Amino acid sequence: MGPIKITFLTILVLMVAGTAVWLKNKIRIIQYQTGQLSASATDLHWRKSLKHTLIMYLGPALILFMPFILAQKPNLIDVGQAAIAYLALNYLKNIYQ
Amino acid sequence: MVIKKRKSNNDLNDLLAVSFFALIALLAYDKDKNPAEIIGSIVSASFIILIIISLVVVALLFLRSDKNLRYRGEEKTKAETQFVDLEWGQALKHDLLTYFIPVLILSLPILAGQVPDFIDFFQALTVFLSLVYLKMLYWQRIF
């Protein structure tokens, strides 16, 4: 299997799984609004925040560093991918904290 | 803990920074080479140095006693841990990001008119795994 086939297969699997999880979360929200399901709680320890921050900065760094590991040069697309990853993780931090 | 703001010594800092970059330019100057090549080599060298410095800082953060950090957290939240109610809408947003950001990353080369390769696959895998790890961190569950 070439990389193109693997890419399209991965996109298909992720789309199907994402849609399924989306529907499940919708059902959970409806159940919570009708009182069948309770809310969840978490503790916001500083250690959690530190882990989130480390992932937020080191994940995009790893993405940018990955072409060097496979002996290639990074291009503008890699920078865009790292930017997307950073923005997503930063948005997630804004959701929770 | 009150951190006193030191009076900034801007002129001296500017002078030091300019002389530092002048020193680098002087050391890297070569008559036979193209200036763009020299700038590129400086940038690539500083990139590696930045990675090493950030790794050292992260290692120091882990190695040093976390007493000080814990003290700061207690002072800020008046307690060791702060309990927060999570809503299912947050889970919805998190799951959407988890499954559709890798799709976006994988389809970015296709949108730019290039052929995706294994590097893009591993990049998408990195983002997916980090988002799943964060879901485990906040919700203690994956789905």
# chains A, B, ... in the order shown; residues from 1 in each chain; ligands from 1
call {"tool": "interface_residues", "arguments": {"of": "chain B", "to": "chain A", "cutoff": "8 Å", "atoms": "only C-alpha atoms", "output": "PyMOL selection string"}}
result
chain B and resi 70+73+80-92+94-103+105-106+108-109+112+115-119+121+123+126-127+130-131+134+137-139+143
call {"tool": "write_last_selection", "arguments": {"atoms": "N, CA and C atoms", "output": "tab-separated table (two decimals), in the first residue's frame"}}
result
chain	number	residue	atom	x	y	z
B	70	ARG	N	4.41	24.46	43.44
B	70	ARG	CA	3.24	24.08	44.21
B	70	ARG	C	2.81	25.25	45.09
B	73	GLY	N	0.96	27.69	43.04
B	73	GLY	CA	-0.38	27.24	42.72
B	73	GLY	C	-1.33	27.35	43.91
B	80	GLU	N	-4.81	23.13	47.05
B	80	GLU	CA	-3.90	22.33	46.21
B	80	GLU	C	-4.56	22.03	44.86
B	81	THR	N	-5.82	21.62	44.91
B	81	THR	CA	-6.52	21.32	43.67
B	81	THR	C	-7.80	22.13	43.60
B	82	GLN	N	-8.17	22.45	42.37
B	82	GLN	CA	-9.37	23.23	42.15
B	82	GLN	C	-10.31	22.38	41.31
B	83	PHE	N	-11.50	22.08	41.87
B	83	PHE	CA	-12.42	21.21	41.14
B	83	PHE	C	-13.30	22.04	40.22
B	84	VAL	N	-13.45	21.55	39.02
B	84	VAL	CA	-14.18	22.29	38.00
B	84	VAL	C	-15.22	21.37	37.39
B	85	ASP	N	-16.42	21.87	37.20
B	85	ASP	CA	-17.46	21.08	36.54
B	85	ASP	C	-17.21	21.06	35.04
B	86	LEU	N	-17.26	19.87	34.47
B	86	LEU	CA	-17.10	19.75	33.03
B	86	LEU	C	-18.47	19.62	32.40
B	87	GLU	N	-18.62	20.21	31.23
B	87	GLU	CA	-19.88	20.10	30.50
B	87	GLU	C	-19.67	19.16	29.32
B	88	TRP	N	-20.78	18.58	28.86
B	88	TRP	CA	-20.65	17.64	27.75
B	88	TRP	C	-20.39	18.36	26.44
B	89	GLY	N	-20.70	19.65	26.39
B	89	GLY	CA	-20.34	20.43	25.20
B	89	GLY	C	-18.83	20.52	25.03
B	90	GLN	N	-18.10	20.57	26.17
B	90	GLN	CA	-16.64	20.57	26.08
B	90	GLN	C	-16.14	19.26	25.49
B	91	ALA	N	-16.79	18.14	25.90
B	91	ALA	CA	-16.40	16.84	25.34
B	91	ALA	C	-16.66	16.80	23.84
B	92	LEU	N	-17.79	17.41	23.43
B	92	LEU	CA	-18.11	17.44	22.00
B	92	LEU	C	-17.04	18.19	21.23
B	94	HIS	N	-13.96	18.78	22.16
B	94	HIS	CA	-12.69	18.06	22.24
B	94	HIS	C	-12.67	16.89	21.23
B	95	ASP	N	-13.80	16.16	21.16
B	95	ASP	CA	-13.83	15.02	20.24
B	95	ASP	C	-13.80	15.46	18.79
B	96	LEU	N	-14.47	16.57	18.50
B	96	LEU	CA	-14.42	17.07	17.13
B	96	LEU	C	-12.99	17.43	16.75
B	97	LEU	N	-12.28	18.11	17.67
B	97	LEU	CA	-10.88	18.45	17.40
B	97	LEU	C	-10.06	17.18	17.23
B	98	THR	N	-10.31	16.17	18.10
B	98	THR	CA	-9.51	14.95	18.07
B	98	THR	C	-9.60	14.25	16.72
B	99	TYR	N	-10.81	14.22	16.13
B	99	TYR	CA	-10.95	13.43	14.91
B	99	TYR	C	-10.79	14.25	13.64
B	100	PHE	N	-11.06	15.57	13.69
B	100	PHE	CA	-11.04	16.31	12.43
B	100	PHE	C	-9.78	17.15	12.21
B	101	ILE	N	-9.00	17.41	13.28
B	101	ILE	CA	-7.72	18.10	13.06
B	101	ILE	C	-6.73	17.20	12.32
B	102	PRO	N	-6.62	15.86	12.65
B	102	PRO	CA	-5.78	15.00	11.82
B	102	PRO	C	-6.24	14.93	10.37
B	103	VAL	N	-7.56	14.96	10.15
B	103	VAL	CA	-8.06	14.97	8.77
B	103	VAL	C	-7.58	16.22	8.05
B	105	ILE	N	-4.93	18.00	8.79
B	105	ILE	CA	-3.48	17.91	8.58
B	105	ILE	C	-3.16	16.99	7.42
B	106	LEU	N	-3.90	15.88	7.31
B	106	LEU	CA	-3.64	14.93	6.21
B	106	LEU	C	-4.07	15.52	4.87
B	108	LEU	N	-4.07	18.71	4.04
B	108	LEU	CA	-3.39	19.96	3.67
B	108	LEU	C	-2.47	19.81	2.45
B	109	PRO	N	-1.65	18.72	2.35
B	109	PRO	CA	-0.84	18.55	1.13
B	109	PRO	C	-1.71	18.35	-0.11
B	112	ALA	N	-2.88	21.63	-1.23
B	112	ALA	CA	-1.80	22.40	-1.83
B	112	ALA	C	-1.31	21.79	-3.14
B	115	VAL	N	1.50	15.40	-3.27
B	115	VAL	CA	1.15	14.03	-2.91
B	115	VAL	C	1.50	13.82	-1.43
B	116	PRO	N	0.55	13.34	-0.62
B	116	PRO	CA	0.88	13.09	0.78
B	116	PRO	C	1.85	11.92	0.93
B	117	ASP	N	2.70	12.01	1.97
B	117	ASP	CA	3.66	10.93	2.20
B	117	ASP	C	3.57	10.48	3.66
B	118	PHE	N	4.51	9.61	4.04
B	118	PHE	CA	4.42	9.01	5.37
B	118	PHE	C	4.66	10.03	6.47
B	119	ILE	N	5.40	11.12	6.17
B	119	ILE	CA	5.67	12.14	7.18
B	119	ILE	C	4.36	12.78	7.63
B	121	PHE	N	1.46	11.42	7.53
B	121	PHE	CA	0.75	10.41	8.33
B	121	PHE	C	1.23	10.43	9.77
B	123	GLN	N	2.74	12.88	11.30
B	123	GLN	CA	2.37	14.16	11.93
B	123	GLN	C	0.93	14.12	12.43
B	126	THR	N	0.77	12.03	15.51
B	126	THR	CA	1.25	12.76	16.70
B	126	THR	C	0.14	13.61	17.30
B	127	VAL	N	-0.54	14.39	16.43
B	127	VAL	CA	-1.60	15.27	16.93
B	127	VAL	C	-2.73	14.45	17.52
B	130	SER	N	-1.71	13.05	20.93
B	130	SER	CA	-1.65	14.06	21.99
B	130	SER	C	-3.04	14.50	22.41
B	131	LEU	N	-3.99	14.60	21.43
B	131	LEU	CA	-5.36	14.99	21.79
B	131	LEU	C	-6.04	13.90	22.60
B	134	LEU	N	-4.77	14.12	26.09
B	134	LEU	CA	-5.40	15.21	26.84
B	134	LEU	C	-6.81	14.84	27.26
B	137	LEU	N	-6.49	12.83	30.18
B	137	LEU	CA	-6.05	13.67	31.30
B	137	LEU	C	-7.24	14.36	31.95
B	138	TYR	N	-8.16	14.88	31.14
B	138	TYR	CA	-9.25	15.68	31.70
B	138	TYR	C	-10.48	14.84	32.04
B	139	TRP	N	-10.75	13.78	31.27
B	139	TRP	CA	-12.01	13.07	31.43
B	139	TRP	C	-11.84	11.65	31.97
B	143	PHE	N	-13.69	7.72	24.94
B	143	PHE	CA	-14.90	8.01	24.16
B	143	PHE	C	-15.92	8.78	25.00
call {"tool": "residues_around", "arguments": {"residues": "range 19-31 of chain B", "least_positions_apart": "3", "cutoff": "12 Å", "atoms": "only C-alpha atoms", "output": "ChimeraX atom specification"}}
result
/B:12-16,34-43,45-46
call {"tool": "write_last_selection", "arguments": {"atoms": "N, CA and C atoms", "output": "PDB file, in the first residue's frame"}}
result
ATOM      1  N   LEU B  12      21.375  49.885  27.171  1.00  0.00           N
ATOM      2  CA  LEU B  12      22.467  48.911  27.290  1.00  0.00           C
ATOM      3  C   LEU B  12      22.069  47.591  26.633  1.00  0.00           C
ATOM      4  N   ASN B  13      20.785  47.193  26.826  1.00  0.00           N
ATOM      5  CA  ASN B  13      20.328  45.932  26.223  1.00  0.00           C
ATOM      6  C   ASN B  13      20.383  46.006  24.701  1.00  0.00           C
ATOM      7  N   ASP B  14      19.924  47.151  24.149  1.00  0.00           N
ATOM      8  CA  ASP B  14      19.958  47.295  22.691  1.00  0.00           C
ATOM      9  C   ASP B  14      21.389  47.223  22.183  1.00  0.00           C
ATOM     10  N   LEU B  15      22.282  47.911  22.895  1.00  0.00           N
ATOM     11  CA  LEU B  15      23.688  47.938  22.473  1.00  0.00           C
ATOM     12  C   LEU B  15      24.271  46.534  22.488  1.00  0.00           C
ATOM     13  N   LEU B  16      23.961  45.779  23.564  1.00  0.00           N
ATOM     14  CA  LEU B  16      24.485  44.420  23.677  1.00  0.00           C
ATOM     15  C   LEU B  16      23.940  43.534  22.565  1.00  0.00           C
ATOM     16  N   ASN B  34      27.779  33.311  -1.038  1.00  0.00           N
ATOM     17  CA  ASN B  34      26.589  34.123  -1.249  1.00  0.00           C
ATOM     18  C   ASN B  34      26.041  34.565   0.128  1.00  0.00           C
ATOM     19  N   PRO B  35      25.693  35.841   0.312  1.00  0.00           N
ATOM     20  CA  PRO B  35      25.176  36.266   1.633  1.00  0.00           C
ATOM     21  C   PRO B  35      23.943  35.495   2.066  1.00  0.00           C
ATOM     22  N   ALA B  36      23.086  35.116   1.118  1.00  0.00           N
ATOM     23  CA  ALA B  36      21.880  34.372   1.484  1.00  0.00           C
ATOM     24  C   ALA B  36      22.239  33.026   2.115  1.00  0.00           C
ATOM     25  N   GLU B  37      23.306  32.411   1.576  1.00  0.00           N
ATOM     26  CA  GLU B  37      23.752  31.137   2.144  1.00  0.00           C
ATOM     27  C   GLU B  37      24.208  31.310   3.588  1.00  0.00           C
ATOM     28  N   ILE B  38      24.933  32.416   3.828  1.00  0.00           N
ATOM     29  CA  ILE B  38      25.446  32.662   5.189  1.00  0.00           C
ATOM     30  C   ILE B  38      24.285  32.861   6.149  1.00  0.00           C
ATOM     31  N   ILE B  39      23.277  33.643   5.706  1.00  0.00           N
ATOM     32  CA  ILE B  39      22.118  33.883   6.571  1.00  0.00           C
ATOM     33  C   ILE B  39      21.392  32.570   6.855  1.00  0.00           C
ATOM     34  N   GLY B  40      21.271  31.739   5.811  1.00  0.00           N
ATOM     35  CA  GLY B  40      20.613  30.443   5.996  1.00  0.00           C
ATOM     36  C   GLY B  40      21.345  29.574   6.990  1.00  0.00           C
ATOM     37  N   SER B  41      22.700  29.576   6.910  1.00  0.00           N
ATOM     38  CA  SER B  41      23.447  28.740   7.853  1.00  0.00           C
ATOM     39  C   SER B  41      23.299  29.270   9.271  1.00  0.00           C
ATOM     40  N   ILE B  42      23.265  30.620   9.421  1.00  0.00           N
ATOM     41  CA  ILE B  42      23.068  31.192  10.766  1.00  0.00           C
ATOM     42  C   ILE B  42      21.707  30.781  11.312  1.00  0.00           C
ATOM     43  N   VAL B  43      20.661  30.865  10.456  1.00  0.00           N
ATOM     44  CA  VAL B  43      19.309  30.533  10.917  1.00  0.00           C
ATOM     45  C   VAL B  43      19.210  29.070  11.313  1.00  0.00           C
ATOM     46  N   ALA B  45      21.651  27.100  12.273  1.00  0.00           N
ATOM     47  CA  ALA B  45      22.416  26.872  13.495  1.00  0.00           C
ATOM     48  C   ALA B  45      21.641  27.363  14.708  1.00  0.00           C
ATOM     49  N   SER B  46      20.993  28.539  14.591  1.00  0.00           N
ATOM     50  CA  SER B  46      20.260  29.059  15.747  1.00  0.00           C
ATOM     51  C   SER B  46      19.032  28.210  16.056  1.00  0.00           C
TER      52      SER B  46
END
